[in-house]
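Chemist: File follows, work_7.cif with mmCIF, C-alpha atoms:
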data_model
loop_
_atom_site.label_atom_id
_atom_site.label_comp_id
_atom_site.auth_asym_id
_atom_site.auth_seq_id
_atom_site.Cartn_x
_atom_site.Cartn_y
_atom_site.Cartn_z
CA MET A 63 0.00 0.00 0.00
CA LYS A 64 2.88 2.35 0.79
CA ASP A 65 4.33 1.79 -2.70
CA VAL A 66 1.00 2.54 -4.38
CA HIS A 67 0.70 5.73 -2.32
CA SER A 68 4.24 6.77 -3.25
CA TYR A 69 3.94 6.05 -6.96
CA TRP A 70 0.49 7.61 -7.28
CA ALA A 71 1.97 10.75 -5.68
CA TYR A 72 4.13 11.28 -8.77
CA LEU A 73 1.00 11.34 -10.90
CA VAL A 74 -0.75 13.72 -8.52
CA LEU A 75 2.19 16.11 -8.52
CA ALA A 76 2.56 16.02 -12.29
CA ILE A 77 -1.14 16.67 -12.92
CA LEU A 78 -1.39 19.32 -10.22
CA ILE A 79 1.68 21.18 -11.48
CA PHE A 80 0.27 21.01 -15.00
CA ALA A 81 -3.13 22.30 -13.79
CA VAL A 82 -1.55 25.22 -11.92
CA ILE A 83 0.67 26.19 -14.86
CA ASN A 84 -2.29 25.89 -17.25
CA ALA A 85 -4.39 28.12 -15.00
CA ILE A 86 -1.66 30.74 -14.65
CA VAL A 87 -1.04 30.80 -18.40
CA GLY A 88 -4.78 30.96 -19.11
CA PHE A 89 -5.23 33.82 -16.66
CA THR A 90 -2.21 35.88 -17.69
CA GLN A 91 -2.79 35.43 -21.43
CA LYS A 92 -6.54 36.04 -21.10
CA LYS A 93 -7.41 32.76 -22.82
CA GLN A 94 -10.87 31.35 -23.23
CA PHE A 95 -11.71 28.68 -20.63
CA LYS A 96 -12.37 25.60 -22.74
CA ASP A 97 -13.36 21.99 -22.10
CA LYS A 98 -9.67 21.06 -22.04
CA ASP A 99 -9.10 23.42 -19.10
CA LEU A 100 -12.12 22.01 -17.30
CA ARG A 101 -10.83 18.47 -17.78
CA ILE A 102 -7.35 19.35 -16.53
CA GLY A 103 -8.86 20.77 -13.32
CA LEU A 104 -11.20 17.80 -12.98
CA PHE A 105 -8.41 15.28 -13.51
CA ALA A 106 -6.32 17.02 -10.83
CA LEU A 107 -9.32 16.82 -8.49
CA ILE A 108 -9.89 13.14 -9.20
CA VAL A 109 -6.29 11.95 -8.87
CA SER A 110 -5.82 13.93 -5.66
CA HIS A 111 -8.95 12.40 -4.13
CA ILE A 112 -7.80 8.92 -5.11
CA GLN A 113 -4.46 9.71 -3.47
CA LEU A 114 -6.30 10.78 -0.32
CA LEU A 115 -8.15 7.45 -0.16
CA ILE A 116 -4.95 5.48 -0.75
CA GLY A 117 -3.15 7.62 1.83
CA LEU A 118 -5.82 7.19 4.47
CA ALA A 119 -5.85 3.44 3.96
CA TRP A 120 -2.05 3.33 4.26
CA TYR A 121 -2.00 5.71 7.23
CA PHE A 122 -4.19 3.54 9.44
CA MET A 123 -1.99 0.52 8.67
CA SER A 124 1.29 2.42 9.09
CA PRO A 125 3.76 2.11 11.94
CA TRP A 126 3.52 5.89 12.48
CA TYR A 127 -0.17 5.70 13.30
CA LYS A 128 0.48 2.79 15.66
CA ALA A 129 3.29 4.73 17.31
CA LEU A 130 1.06 7.79 17.66
CA LYS A 131 -1.63 5.70 19.34
CA ALA A 132 0.88 4.01 21.64
CA ASP A 133 2.89 7.07 22.73
CA ALA A 134 1.84 10.41 21.27
CA GLY A 135 4.28 12.37 23.43
CA THR A 136 7.31 10.60 22.02
CA VAL A 137 6.03 10.90 18.45
CA MET A 138 5.44 14.63 18.85
CA GLY A 139 8.92 15.06 20.26
CA GLU A 140 10.67 13.49 17.26
CA LYS A 141 10.68 15.68 14.18
CA ALA A 142 10.85 12.90 11.55
CA THR A 143 8.16 10.78 13.17
CA ARG A 144 5.91 13.78 13.77
CA LEU A 145 6.15 14.66 10.07
CA LEU A 146 4.92 11.21 9.03
CA ALA A 147 2.36 10.72 11.80
CA VAL A 148 0.83 14.18 12.04
CA GLU A 149 2.10 16.94 9.75
CA HIS A 150 2.02 15.10 6.41
CA PRO A 151 -1.52 13.70 6.79
CA ILE A 152 -3.00 16.97 8.05
CA MET A 153 -1.33 19.06 5.34
CA MET A 154 -2.40 16.67 2.58
CA ILE A 155 -6.00 16.71 3.80
CA LEU A 156 -5.92 20.53 3.86
CA ALA A 157 -4.46 20.59 0.35
CA ILE A 158 -7.20 18.34 -0.99
CA VAL A 159 -9.83 20.45 0.76
CA LEU A 160 -8.41 23.49 -1.06
CA ILE A 161 -8.47 21.64 -4.39
CA THR A 162 -12.10 20.69 -3.76
CA ILE A 163 -13.02 24.26 -2.83
CA GLY A 164 -11.24 25.56 -5.92
CA TRP A 165 -13.17 23.12 -8.11
CA SER A 166 -16.49 24.12 -6.53
CA LYS A 167 -15.80 27.85 -6.72
CA HIS A 168 -14.67 27.77 -10.36
CA LYS A 169 -18.07 26.34 -11.39
CA LYS A 170 -19.81 29.44 -10.04
CA LYS A 171 -17.64 31.85 -12.01
CA THR A 172 -18.98 33.17 -15.30
CA ARG A 173 -15.90 34.85 -16.78
CA ASP A 174 -12.98 32.85 -18.14
CA ALA A 175 -10.35 34.86 -16.28
CA GLU A 176 -12.12 34.24 -12.97
CA LYS A 177 -12.19 30.48 -13.60
CA PHE A 178 -8.46 30.40 -14.35
CA LYS A 179 -7.72 32.64 -11.38
CA THR A 180 -9.70 30.40 -9.02
CA PHE A 181 -7.81 27.32 -10.19
CA ALA A 182 -4.47 29.13 -9.99
CA ILE A 183 -5.07 30.30 -6.42
CA PHE A 184 -6.65 27.23 -4.83
CA TYR A 185 -4.73 24.57 -6.73
CA GLY A 186 -1.53 26.61 -6.38
CA ILE A 187 -1.82 26.93 -2.61
CA ALA A 188 -2.66 23.23 -2.39
CA LEU A 189 0.44 22.41 -4.44
CA LEU A 190 2.60 24.49 -2.08
CA LEU A 191 1.13 22.73 0.96
CA ILE A 192 1.80 19.35 -0.61
CA LEU A 193 5.38 20.24 -1.52
CA SER A 194 6.00 21.60 1.98
CA ARG A 195 5.15 18.34 3.74
CA ILE A 196 6.27 15.58 1.42
CA PRO A 197 8.62 13.33 3.41
CA TRP A 198 11.41 13.79 0.84
CA ASN A 199 13.88 11.49 2.67
CA ASN A 200 11.43 8.59 2.52
CA TRP A 201 10.12 9.31 -0.94
CA LEU A 202 13.07 9.91 -3.20
#
What does this structure look like when you write it as structure tokens?

Modeler:
Amino acid sequence: MKDVHSYWAYLVLAILIFAVINAIVGFTQKKQFKDKDLRIGLFALIVSHIQLLIGLAWYFMSPWYKALKADAGTVMGEKATRLLAVEHPIMMILAIVLITIGWSKHKKKTRDAEKFKTFAIFYGIALLLILSRIPWNNWL
């Protein structure tokens, strides 16, 4: 399960980076928001939600969750363990909440620039949150 979560993360990052760049380019160049742009945003939403489900399944089987249940004080005192047991899961959930909010808000916008801007802001912040709490030592 850990391997699936790790490999799927590459796909999530690639699609999310692509979605953010597409939104920024669309906004700055005042492009028309087309079906392609909608699908890019939707695909980023879908793959990130799948990653959340895989991650939650892995988390509750992981040694970090078991350690947190057994001795939360020790886990919170160790930076590396705290990252895996607390910081990474919370930040990823927040990022996916932002992606979901961005998707919902873009549907209510009527102008193309507003749709691109909404994706750029919400998906962009989510991408930064994800990048900030990836356990790089364990992942690369």

Chemist: Could you check how far CA of Lys131 (chain A) sits from CA of Leu118 (chain A), in Å to one decimal?

Modeler: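 Spanning CA of Lys131 (chain A) to CA of Leu118 (chain A) is a straight-line distance of 15.5 Å.
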
Chemist: Please evaluate the PyMOL selection byres ((chain A and resi 76) around 12) against the displayed coordinates and give the resulting residues as a ChimeraX atom specification.

Modeler: /A:69-75,77-83,102,105-106,109-110,189,193

Chemist: Between CA of Ile183 (chain A) and CA of Leu146 (chain A), what is the distance, to one decimal in Å?

Modeler: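 Atom-to-atom, CA of Ile183 (chain A) to CA of Leu146 (chain A), that is 26.5 Å.
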
Chemist: So which residues get picked by the PyMOL selection byres ((chain A and resi 161-170) around 7) here, written as a list in words?

Modeler: Leu107, Ala157, Ile158, Val159, Leu160, Lys171, Thr172, Lys177, Thr180, Phe181, Phe184, Tyr185 and Ala188 of chain A

Chemist: Report, in Å to a single decimal, how far apart CA of Gly186 (chain A) and CA of His111 (chain A) are.

Modeler: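 Here the two named atoms are 16.2 Å from each other.
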
Chemist: Counting all atoms listed in the file, figure out which residue out of A:Met63, A:Ile187, A:Ala142, A:Met153 gets nearest to Ser124 (chain A).

Modeler: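 Going through A:Met63, A:Ile187, A:Ala142, A:Met153 one by one, the smallest distance to Ser124 (chain A) is for A:Met63.
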
Chemist: To verify the selection step, state as number ranges by chain which residues the PyMOL selection byres ((chain A and resi 152) around 12) yields on this input.

Modeler: A: 114, 117-118, 121, 144-151, 153-159, 191-192, 194-196

Chemist: Hey, can you spit out that residue selection with C-alpha atoms as a PDB file, keeping the file's coordinate frame?

Modeler:
ATOM      1  CA  LEU A 114      -6.300  10.780  -0.320  1.00  0.00           C
ATOM      2  CA  GLY A 117      -3.150   7.620   1.830  1.00  0.00           C
ATOM      3  CA  LEU A 118      -5.820   7.190   4.470  1.00  0.00           C
ATOM      4  CA  TYR A 121      -2.000   5.710   7.230  1.00  0.00           C
ATOM      5  CA  ARG A 144       5.910  13.780  13.770  1.00  0.00           C
ATOM      6  CA  LEU A 145       6.150  14.660  10.070  1.00  0.00           C
ATOM      7  CA  LEU A 146       4.920  11.210   9.030  1.00  0.00           C
ATOM      8  CA  ALA A 147       2.360  10.720  11.800  1.00  0.00           C
ATOM      9  CA  VAL A 148       0.830  14.180  12.040  1.00  0.00           C
ATOM     10  CA  GLU A 149       2.100  16.940   9.750  1.00  0.00           C
ATOM     11  CA  HIS A 150       2.020  15.100   6.410  1.00  0.00           C
ATOM     12  CA  PRO A 151      -1.520  13.700   6.790  1.00  0.00           C
ATOM     13  CA  MET A 153      -1.330  19.060   5.340  1.00  0.00           C
ATOM     14  CA  MET A 154      -2.400  16.670   2.580  1.00  0.00           C
ATOM     15  CA  ILE A 155      -6.000  16.710   3.800  1.00  0.00           C
ATOM     16  CA  LEU A 156      -5.920  20.530   3.860  1.00  0.00           C
ATOM     17  CA  ALA A 157      -4.460  20.590   0.350  1.00  0.00           C
ATOM     18  CA  ILE A 158      -7.200  18.340  -0.990  1.00  0.00           C
ATOM     19  CA  VAL A 159      -9.830  20.450   0.760  1.00  0.00           C
ATOM     20  CA  LEU A 191       1.130  22.730   0.960  1.00  0.00           C
ATOM     21  CA  ILE A 192       1.800  19.350  -0.610  1.00  0.00           C
ATOM     22  CA  SER A 194       6.000  21.600   1.980  1.00  0.00           C
ATOM     23  CA  ARG A 195       5.150  18.340   3.740  1.00  0.00           C
ATOM     24  CA  ILE A 196       6.270  15.580   1.420  1.00  0.00           C
TER      25      ILE A 196
END

Chemist: Using only C-alpha atoms for the distances, tell me which of A:Thr90, A:Asp97, A:His67, A:Ala175 is nearest to Ala119 (chain A).

Modeler: A:His67

Chemist: Since the input has fewer atoms than a full residue there, write region 89-100 of chain A out with all heavy atoms, as a short mmCIF file (atom, residue, chain, number, x, y, z; two decimals), in the frame of the given file.

Modeler:
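The resulting selection-v9.cif:
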data_model
loop_
_atom_site.label_atom_id
_atom_site.label_comp_id
_atom_site.auth_asym_id
_atom_site.auth_seq_id
_atom_site.Cartn_x
_atom_site.Cartn_y
_atom_site.Cartn_z
N PHE A 89 -4.87 32.55 -17.29
CA PHE A 89 -5.23 33.82 -16.66
C PHE A 89 -4.39 34.97 -17.21
O PHE A 89 -4.93 36.02 -17.56
CB PHE A 89 -5.05 33.72 -15.14
CG PHE A 89 -5.36 35.00 -14.42
CD1 PHE A 89 -6.67 35.43 -14.30
CD2 PHE A 89 -4.35 35.76 -13.86
CE1 PHE A 89 -6.97 36.61 -13.63
CE2 PHE A 89 -4.64 36.93 -13.19
CZ PHE A 89 -5.95 37.37 -13.08
N THR A 90 -3.09 34.78 -17.27
CA THR A 90 -2.21 35.88 -17.69
C THR A 90 -2.35 36.20 -19.18
O THR A 90 -2.20 37.35 -19.58
CB THR A 90 -0.73 35.58 -17.37
OG1 THR A 90 -0.35 34.36 -18.01
CG2 THR A 90 -0.51 35.49 -15.87
N GLN A 91 -2.65 35.20 -19.99
CA GLN A 91 -2.79 35.43 -21.43
C GLN A 91 -4.24 35.65 -21.85
O GLN A 91 -4.54 35.70 -23.04
CB GLN A 91 -2.17 34.27 -22.21
CG GLN A 91 -0.68 34.17 -22.00
CD GLN A 91 -0.05 33.05 -22.81
OE1 GLN A 91 -0.71 32.33 -23.55
NE2 GLN A 91 1.26 32.90 -22.68
N LYS A 92 -5.12 35.76 -20.86
CA LYS A 92 -6.54 36.04 -21.10
C LYS A 92 -7.15 35.07 -22.12
O LYS A 92 -7.87 35.47 -23.04
CB LYS A 92 -6.73 37.48 -21.57
CG LYS A 92 -6.01 38.51 -20.73
CD LYS A 92 -6.97 39.45 -20.08
CE LYS A 92 -6.27 40.57 -19.37
NZ LYS A 92 -5.81 40.27 -18.06
N LYS A 93 -6.89 33.79 -21.92
CA LYS A 93 -7.41 32.76 -22.82
C LYS A 93 -8.86 32.45 -22.49
O LYS A 93 -9.35 32.75 -21.41
CB LYS A 93 -6.58 31.48 -22.71
CG LYS A 93 -5.18 31.60 -23.27
CD LYS A 93 -4.50 30.27 -23.27
CE LYS A 93 -3.15 30.37 -23.97
NZ LYS A 93 -2.53 29.06 -24.12
N GLN A 94 -9.52 31.82 -23.44
CA GLN A 94 -10.87 31.35 -23.23
C GLN A 94 -10.80 30.04 -22.44
O GLN A 94 -9.98 29.18 -22.74
CB GLN A 94 -11.56 31.12 -24.57
CG GLN A 94 -12.99 30.69 -24.45
CD GLN A 94 -13.64 30.44 -25.81
OE1 GLN A 94 -12.99 30.54 -26.84
NE2 GLN A 94 -14.91 30.10 -25.79
N PHE A 95 -11.66 29.89 -21.44
CA PHE A 95 -11.71 28.68 -20.63
C PHE A 95 -12.48 27.62 -21.41
O PHE A 95 -13.69 27.73 -21.62
CB PHE A 95 -12.40 28.96 -19.29
CG PHE A 95 -12.26 27.88 -18.28
CD1 PHE A 95 -11.13 27.82 -17.47
CD2 PHE A 95 -13.23 26.90 -18.13
CE1 PHE A 95 -11.00 26.82 -16.51
CE2 PHE A 95 -13.10 25.90 -17.19
CZ PHE A 95 -11.98 25.87 -16.38
N LYS A 96 -11.78 26.61 -21.87
CA LYS A 96 -12.37 25.60 -22.74
C LYS A 96 -12.57 24.29 -21.99
O LYS A 96 -12.17 24.15 -20.83
CB LYS A 96 -11.47 25.37 -23.95
CG LYS A 96 -11.32 26.60 -24.82
CD LYS A 96 -10.49 26.31 -26.04
CE LYS A 96 -10.43 27.56 -26.90
NZ LYS A 96 -9.68 27.35 -28.12
N ASP A 97 -13.15 23.32 -22.68
CA ASP A 97 -13.36 21.99 -22.10
C ASP A 97 -12.05 21.35 -21.65
O ASP A 97 -12.01 20.65 -20.64
CB ASP A 97 -14.06 21.06 -23.10
CG ASP A 97 -15.54 21.36 -23.25
OD1 ASP A 97 -16.09 22.07 -22.38
OD2 ASP A 97 -16.13 20.89 -24.22
N LYS A 98 -10.98 21.59 -22.39
CA LYS A 98 -9.67 21.06 -22.04
C LYS A 98 -9.24 21.56 -20.65
O LYS A 98 -8.74 20.79 -19.83
CB LYS A 98 -8.64 21.48 -23.09
CG LYS A 98 -7.19 21.26 -22.68
CD LYS A 98 -6.21 21.98 -23.60
CE LYS A 98 -6.22 23.44 -23.41
NZ LYS A 98 -5.21 24.03 -22.58
N ASP A 99 -9.47 22.83 -20.39
CA ASP A 99 -9.10 23.42 -19.10
C ASP A 99 -9.95 22.84 -17.97
O ASP A 99 -9.45 22.57 -16.88
CB ASP A 99 -9.25 24.94 -19.16
CG ASP A 99 -8.43 25.54 -20.28
OD1 ASP A 99 -7.22 25.28 -20.34
OD2 ASP A 99 -9.02 26.25 -21.11
N LEU A 100 -11.22 22.64 -18.27
CA LEU A 100 -12.12 22.01 -17.30
C LEU A 100 -11.64 20.60 -16.98
O LEU A 100 -11.58 20.21 -15.80
CB LEU A 100 -13.54 21.97 -17.86
CG LEU A 100 -14.57 21.28 -16.98
CD1 LEU A 100 -15.03 22.21 -15.88
CD2 LEU A 100 -15.75 20.81 -17.81
#
